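Asker: Have a look at this one before I ask anything.
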Amino acid sequence: MTSGTGLKDATAIVGIGQTPFARHLADDERTLACRAVLAALDDAGIAPGEVDALASYTMEETDEVELAKAVGLGDLTYFGRVGYGGGGSCATVAHLAAAVATGQASVGVAWRSRKRGSGPRPWRNTTAQLPTPAQWTRPYGLLRPVDEIAMLARRYMHEYGATRDHLFNVALACRNRANQNPAAIMYDRPLTREMYMTSRWISEPLCLYDNCLETDGALACVIVGRERARDCRRAPVYVHAAAQGLPAQHHGMVNYWNDDPLTGPAWTAARHLWKHADLTPEDVDVAQIYDAFTALVPLSLEGYGFCARGEGGAFTEGGALETGGRLPLNTGGGGLSEAYVHGFNLITEGVKQLRGISTAQVPGAATCLVTAGEGVPTSALLLRS
């Protein structure tokens, strides 16, 4: 890597692995993590003893020591974790790419293991000390992430005329792709407009189908340097650009203190991402956009530059997010219809698209944007084949 190139194409994802997804899996999170990591290493054709770097989320319950011992990893020279839940997904890969590109490590593994389907809901722990900002909101009903995103959704609808039909377009595109993916939880469950419009409210204006799944499962991927990647078992998927974003005066989910609550972390991450890329939004063949809630997608479409401010809802019209549309989206089903494992399945689906093996393959896909959670300090990857 020559001076000044940064991370651009210096590393590649060469292995991906996952467990089954379900509302309840019998194995504990550590066992699921080990299985996903071993599957990813096998996919890459790399022995566990060659791994010298790890990255995951601060919310990950399986620590590096446990994973390294159980799987048989080598001496670790880099390990790190990224905060803010789903906002950290892409950053785990970015941190490993930086470690490998700068010589701190040679083989990195990022992973996420979670039992959210059968596990507890964080907001039900009423004995936990609330963060200071939450002390001013949760007593008045903003208990869950969906309540906070519902406020943003209502604001967005009010200011720009977005409708529930626009949110349905997002939910439908994800469900249609899940119906093509045998690994998706919603594989055999189609969605209709009538089902969407008559479903129960979770936090108005967000209904049941505006919310992601609650899933048990684990995923992992393997990152190596460009030279090593050429000799691995699978065709490399290069990390062309990576970014994180935490805007000034940010407040998680609701963005109270920002001058414009609808200009979330995606805007900050996007500016950095495109600055370090040879590509533009027009060059993106397929996107995996974080979809814990449907309302995050139009906000992200605007933040990452696929349309102008206030046009995210209208962008979804006319099958734009479907296969063959302007921007095929979440082609494995996403968090809404494949599985919700804090967005890591969006990374592995991006790799599948650029390998040409997705269950909803976009013909000739050579570039993929993957984003982490909008509404919280976030991250993004621009991948290319």
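How things are named: the first chain in the structure tokens is A, the next is B, and so on; residues count from 1 in each chain; ligands count from 1 in the order shown.
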For segment 99-106 of chain A, please output as a ChimeraX atom specification all residues within 8 Å (counting only C-alpha atoms; exclusion window: fewer than 4 positions along the same chain).

Answerer: /A:1,7,10-11,51-53,77-78,95,223-225

Asker: Given the selection you just returned, output its residues as a file containing C-alpha atoms, formatted as a PDB file, in the first residue's frame.

Answerer:
ATOM      1  CA  MET A   1       0.000   0.000   0.000  1.00  0.00           C
ATOM      2  CA  LEU A   7      -7.770   2.089   3.596  1.00  0.00           C
ATOM      3  CA  ALA A  10      -6.062  -2.318   1.044  1.00  0.00           C
ATOM      4  CA  THR A  11      -8.028  -5.131   2.682  1.00  0.00           C
ATOM      5  CA  VAL A  51      -6.183 -15.180  13.463  1.00  0.00           C
ATOM      6  CA  ASP A  52      -4.454 -12.342  15.320  1.00  0.00           C
ATOM      7  CA  ALA A  53      -7.196  -9.701  15.485  1.00  0.00           C
ATOM      8  CA  THR A  77      -2.156  -8.363  18.557  1.00  0.00           C
ATOM      9  CA  TYR A  78      -5.307  -6.302  18.021  1.00  0.00           C
ATOM     10  CA  HIS A  95     -11.401  -1.254  12.671  1.00  0.00           C
ATOM     11  CA  ILE A 223     -10.599  -9.663   6.859  1.00  0.00           C
ATOM     12  CA  VAL A 224      -7.072  -9.914   5.424  1.00  0.00           C
ATOM     13  CA  GLY A 225      -4.727  -7.713   3.413  1.00  0.00           C
TER      14      GLY A 225
END

Asker: For segment 248-256 of chain A, please output as a ChimeraX atom specification all residues within 9 Å (counting only C-alpha atoms; exclusion window: fewer than 5 positions along the same chain).

Answerer: /A:84,133,145,148-149,151-152,261-265,374-377

Asker: I want to know what sits within 12 Å of Thr359 of chain A, based on only C-alpha atoms, with residues of the same chain fewer than 4 positions away left out; could you give that as a VMD selection string?

Answerer: chain A and resid 176 to 184 187 323 330 to 333 338 349 to 350 352 to 353 355 363

Asker: According to DSSP computed on the backbone, where in segment 59-138 of chain A is there alpha helix (DSSP H)? Give the residues as a ChimeraX atom specification.

Answerer: /A:64-71,89-101

Asker: Between A:Ala365, A:Ala242, A:Val351, A:Ala26, which is the closest to Gly217 of chain A once you count only C-alpha atoms?

Answerer: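 Looking only at the distances to Gly217 of chain A, the closest residue turns out to be A:Ala26.
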
Asker: Measure the distance from atom CA of Thr316 of chain A to atom CA of Gln244 of chain A in Å and round it to one decimal.

Answerer: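 Taking atom CA of Thr316 of chain A as the start and atom CA of Gln244 of chain A as the end point, the length is 25.4 Å.
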
Asker: Could you please write out, as a list in words, every residue of segment 47-208 of chain A that DSSP assigns to strand (DSSP E or B)?

Answerer: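 The strand (DSSP E or B) residues within segment 47-208 of chain A come out as Ala53, Leu54, Ala55, Ser56, Tyr57, Tyr78, Phe79, Gly80, Arg81, Val82, Val107, Gly108, Val109, Ala110, Trp111, Arg112, Ser113, Arg114, Lys115, Trp201, Ile202, Ser203, Leu206 and Cys207 of chain A.
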
Asker: When distances are computed from only C-alpha atoms, which of A:Ala47, A:Leu299, A:Leu67, A:Ala235 shows the smallest separation from Glu29 of chain A?

Answerer: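 That would be A:Leu67, the residue with the smallest distance to Glu29 of chain A.
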
Asker: Identify, on the basis of only C-alpha atoms, every residue whose closest approach to Trp201 of chain A does not exceed 12 Å; exclude the query and any residue fewer than 5 positions from it along the same chain; express the result as JSON, numbers by chain.

Answerer: {"A": [146, 147, 150, 196, 206, 207, 208, 209, 210, 211]}

Asker: Which residue gives the smallest distance to Ala366 of chain A among A:Leu321, A:Tyr340, A:Ser300, A:Tyr238, with only C-alpha atoms counted?

Answerer: A:Tyr238

Asker: Which polymer residues have any atom within 12 Å of an atom of Gly318 of chain A, counting only C-alpha atoms, with same-chain residues fewer than 4 positions away left out, as a count of residues only?

Answerer: 13

Asker: Given the choices A:Thr62, A:Thr137, A:Thr378, A:Thr294, which gets closest to Thr163 of chain A if the distance is worked out from only C-alpha atoms?

Answerer: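 Answer, going by the shortest atom-to-atom distance: A:Thr294.
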
Asker: At what distance in Å, to one decimal, does atom CA of Thr215 of chain A lie from atom CA of Gly303 of chain A?

Answerer: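 Atom-to-atom, atom CA of Gly303 of chain A and atom CA of Thr215 of chain A are spaced 27.6 Å apart.
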
Asker: I'd like the contact shell of Asp42 of chain A - 9 Å cut-off, only C-alpha atoms, skipping same-chain residues fewer than 3 positions apart - returned as a compact mmCIF listing (two decimals) with all heavy atoms, in the first residue's frame.

Answerer:
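Resulting contents of result-v6.txt:
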# COMPACT_ATOMS: atom_id res chain seq x y z
N GLY A 15 -14.00 -14.28 4.01
CA GLY A 15 -14.78 -15.37 4.58
C GLY A 15 -15.99 -14.84 5.33
O GLY A 15 -15.91 -13.80 5.99
N ILE A 16 -17.11 -15.53 5.22
CA ILE A 16 -18.32 -15.18 5.97
C ILE A 16 -18.92 -16.46 6.53
O ILE A 16 -18.79 -17.54 5.95
CB ILE A 16 -19.37 -14.45 5.10
CG1 ILE A 16 -19.71 -15.25 3.84
CG2 ILE A 16 -18.88 -13.06 4.73
CD1 ILE A 16 -20.84 -14.65 3.02
N GLY A 17 -19.57 -16.33 7.67
CA GLY A 17 -20.22 -17.48 8.27
C GLY A 17 -21.39 -17.05 9.13
O GLY A 17 -21.43 -15.92 9.62
N VAL A 37 -17.83 -18.02 13.74
CA VAL A 37 -16.43 -17.72 13.45
C VAL A 37 -15.76 -18.88 12.73
O VAL A 37 -15.04 -18.69 11.73
CB VAL A 37 -15.68 -17.38 14.76
CG1 VAL A 37 -14.17 -17.34 14.53
CG2 VAL A 37 -16.17 -16.03 15.29
N LEU A 38 -15.98 -20.09 13.19
CA LEU A 38 -15.38 -21.26 12.52
C LEU A 38 -15.90 -21.41 11.10
O LEU A 38 -15.15 -21.76 10.19
CB LEU A 38 -15.66 -22.52 13.33
CG LEU A 38 -14.88 -22.65 14.64
CD1 LEU A 38 -15.39 -23.83 15.45
CD2 LEU A 38 -13.38 -22.81 14.36
N ALA A 39 -17.19 -21.12 10.89
CA ALA A 39 -17.75 -21.20 9.54
C ALA A 39 -17.11 -20.16 8.62
O ALA A 39 -16.81 -20.44 7.45
CB ALA A 39 -19.26 -21.01 9.59
N GLY A 45 -10.83 -20.51 4.09
CA GLY A 45 -9.71 -21.43 3.99
C GLY A 45 -8.54 -21.03 4.87
O GLY A 45 -7.38 -21.26 4.52
N ILE A 46 -8.84 -20.44 6.01
CA ILE A 46 -7.81 -19.97 6.95
C ILE A 46 -7.97 -20.70 8.27
O ILE A 46 -9.08 -20.82 8.80
CB ILE A 46 -7.93 -18.44 7.15
CG1 ILE A 46 -7.58 -17.71 5.85
CG2 ILE A 46 -7.03 -17.97 8.29
CD1 ILE A 46 -7.77 -16.20 5.93
N ALA A 47 -6.87 -21.18 8.83
CA ALA A 47 -6.90 -21.91 10.09
C ALA A 47 -7.11 -20.95 11.25
O ALA A 47 -6.61 -19.82 11.24
CB ALA A 47 -5.60 -22.68 10.28
N PRO A 48 -7.83 -21.38 12.30
CA PRO A 48 -8.06 -20.51 13.46
C PRO A 48 -6.76 -19.96 14.06
O PRO A 48 -6.73 -18.81 14.51
CB PRO A 48 -8.80 -21.42 14.44
CG PRO A 48 -9.50 -22.41 13.58
CD PRO A 48 -8.58 -22.65 12.42
N ARG A 233 -9.60 -18.90 -0.40
CA ARG A 233 -10.50 -19.85 -1.05
C ARG A 233 -11.57 -19.16 -1.89
O ARG A 233 -11.95 -19.66 -2.95
CB ARG A 233 -11.14 -20.73 0.03
CG ARG A 233 -12.09 -21.78 -0.48
CD ARG A 233 -12.55 -22.67 0.66
NE ARG A 233 -11.45 -23.51 1.14
CZ ARG A 233 -11.49 -24.20 2.27
NH1 ARG A 233 -12.56 -24.12 3.06
NH2 ARG A 233 -10.48 -24.95 2.64
